[in-house]
Amino acid sequence: MKYASIALSLLAAPLVAQQPAPPLRPSNPVADTSIFAPLVLPTANLIRAGSGAPGARYWQNHADYDITASLDTGTKTLHGQLTLRYTNNSPDTLHYIWLQTEQNAFKNNSLNSFIFPADSRFGAKNFEGGDVIEHLDQLLAGPARTPARRVKLPVRDNETMTRVDLAEPLAPGKTATLDIAWHFLIPEHGADRMGRDGALYELAQWYPRMAVYDDVRGWNTEPYLGQGEFYLDYGDYNVAITLPAGYIVAATGALQNAADVLTPTEVTRLAQAAKSAAPVRIVTAAELTSGTARPRRTGTMTWRFAAKNVRDAVWAGSPDFQWDASSYQGVMAFAYYRPAAAFNWDDAADQARMSIMEYSERWFPYPWPQISAVEGPISGMEYPMLAMEGVSRDKFDLYNVVTHEIGHMWFPMIVGSNERVYMWQDEGFNTFINTFSEGRRYPQHGDQMARAAQERAEVELVMRVGADQPVNIGPDRIAPNLLGISAYVKPSVGLQLLRQEILGPATFDDAFRTYVSRWAFKHPTPADFFRTMEDASGRRLDWFWREWFVENERFDQAVESVDTRQAGDTLQVLVVYGNRLRGVLPIRARFTFGDGSIQDFTYPAEVWSTNTSRYTRDYAFVGRKLAKVELDPEHRLVDIERDNNVWTAKP
């Protein structure tokens, strides 16, 4: 109606007074570039819904493995054979597949060697190894009651990825069966993901693994360089590991032949631990010394494990493992460690149990039969049902590592995001949930809010010196010295802000649980997370996703001006709040009065939506004198310049 009345008034003006009017132009002749502009996300479809949930036609492929392997401790070589059954649930016919052959990162002149210095954490330490494929055949079904026909398949290596041309196209809904034999020399320092230390072996990235074919990128063929981690389909595993009889083995899955590889006393103790919250010593240091820890010490033994609906399987073995166990609601919590680490690792089984309890109660029930914490040369690395950690200096430091690696059972082992592209979607989320676990076990070192505040201070410092990077950046493109802040701490701080300052704990927790339950055992993208959080919370958050995860904004709120006027017994106050950088956050203002009393005012971040630089408020206080106005006095937000956060009344 307003536009029509303006037009009529122009037409009613005297003709002699009319001059050619300049063309009407919008006040902003360019596209909306505000922080509040709608965030462009991939178009929703029947596979990934606009709500952020898996769509009615969501699909993902499935990979099952039967693996037999033997460890040659003399040559430090692993020999293996596997049968892989790969089911194509996609709508596409596949003529070739890609396997991950990640031991090739430890070959001379590998891409890893060109990017990471040999003596760095993710370097190869000048080790020359690599996968050696002995045969790779497809088994084709023939007429009934006849053996499968074996066809040798053409392969082409591409660094840590190997293309395999199938003998027959793999149609939607069909399964291809491959038979693969391989071996490799085990690196001592496997980019801090796997390796060996004396007689102790931690084996990961140890068998040819199916790459993921998905609806987002087709074949995911990003190379394994060391800093970026993993992206895998789910499946069922049967693993048999043959090694010297003196070894004790921890692995993904449930032990299938305990009576064959354990003593009767150890079997009895495991049964006791299954009903005990307190740790039970399954293998003691005294038994290791006396030789009674093993049924026999000569020859070899084969340990058998089975796991369902997991995205990987790994194992660790040593003749020197002490072994403790406890349980939580039927889930076994194991700790394996050498006697020299017992000064704090004797607490590790209980730490593992509490981690499972915390994350199960708060976010999503742990779905597998056991969790193992394994001490060894790897500083900290996670795999399904098994977490590798170093000795640590004390039990507090050990818990921070144990609960972090076990937290990864939720991200990305349950919520199977693509770590090699979106590292923050597992490391950042895990760092966030760790603050609850750490605060719960050791509140004397700071509760959850105190730990979140410490993380905010770290991010604020990095922003202040301009060293921060966007969260949504590939992990192998992050400078190693900034990996922790970029992929771990900064996204965790973003979730803390979203929970405490934007949505509120109850709304956030409900939305975050919704995300976990929707995408359990599936492959979410960042867009699925963003949409789910909005869908479940009822809040549009384009501005927040843009500033915290997509772009690299910084934050600086200020008290621009305070004007006061006395009208009788009423003090009238006009405050202009300033936002001096592109990033926006809620306003938390504290008014302090002459009598020492305070009054807090909080405004949502959306108050900046029509003017991202200034926000003005009027106040009236009866019988009070204003002494100070301060922004974010409790440092709950991120602000790189706090000197402009305070206005003080002149005498």
# chains A, B, ... in the order shown; residues from 1 in each chain; ligands from 1
>>> select_by_dssp(residues="region 246-466 of chain A", states="strand (DSSP E or B)", output="ChimeraX atom specification")
/A:248-251,254-255,280-283,300-310,315-318,322-328,331-337,370-375,380-383,386-389
>>> residues_around(residues="Ser34 (chain A)", least_positions_apart="5", cutoff="10 Å", atoms="only C-alpha atoms", output="number ranges by chain")
A: 543, 582, 609-612
>>> write_last_selection(atoms="C-alpha atoms", output="mmCIF file, in the first residue's frame")
data_model
loop_
_atom_site.group_PDB
_atom_site.id
_atom_site.type_symbol
_atom_site.label_atom_id
_atom_site.label_comp_id
_atom_site.auth_asym_id
_atom_site.auth_seq_id
_atom_site.Cartn_x
_atom_site.Cartn_y
_atom_site.Cartn_z
ATOM 1 C CA TRP A 543 24.907 -16.559 9.703
ATOM 2 C CA ARG A 582 32.164 -8.994 10.191
ATOM 3 C CA SER A 609 20.693 -8.387 10.990
ATOM 4 C CA THR A 610 19.578 -4.950 9.693
ATOM 5 C CA ASN A 611 22.702 -3.096 10.759
ATOM 6 C CA THR A 612 25.745 -5.240 11.447
#
>>> residues_around(residues="Gln103 (chain A)", least_positions_apart="3", cutoff="7 Å", atoms="only C-alpha atoms", output="list in words")
Phe106, Gly129, Gly130, Asp131 and Gln205 of chain A
>>> write_last_selection(atoms="C-alpha atoms", output="PDB file, in the first residue's frame")
ATOM      1  CA  PHE A 106      55.659 -45.447   3.249  1.00  0.00           C
ATOM      2  CA  GLY A 129      57.715 -50.240   2.795  1.00  0.00           C
ATOM      3  CA  GLY A 130      54.461 -50.496   0.878  1.00  0.00           C
ATOM      4  CA  ASP A 131      51.760 -53.023   0.060  1.00  0.00           C
ATOM      5  CA  GLN A 205      45.791 -49.504   7.664  1.00  0.00           C
TER       6      GLN A 205
END
>>> residues_around(residues="Trp608 (chain A)", least_positions_apart="2", cutoff="12 Å", atoms="only C-alpha atoms", output="VMD selection string")
chain A and resid 34 to 36 543 557 577 to 587 603 to 606 610 to 616
>>> select_by_dssp(residues="region 315-477 of chain A", states="helix (DSSP H, G or I)", output="VMD selection string")
chain A and resid 339 to 345 348 to 362 395 to 407 409 to 414 424 to 441 443 to 445 448 to 464 475 to 477
>>> closest_residue(among="A:Ala341, A:Ile248, A:Asp214, A:Pro367", to="Pro295 (chain A)", atoms="only C-alpha atoms")
A:Ile248
>>> closest_residue(among="A:Ala373, A:Ile502, A:Ala627, A:Ile485", to="Pro651 (chain A)", atoms="only C-alpha atoms")
A:Ala627
>>> residues_around(residues="Thr525 (chain A)", least_positions_apart="3", cutoff="9 Å", atoms="only C-alpha atoms", output="list in words")
Val216, Ser417, Asn418, Tyr422, Gln425, Asp528, Phe529 and Phe530 of chain A
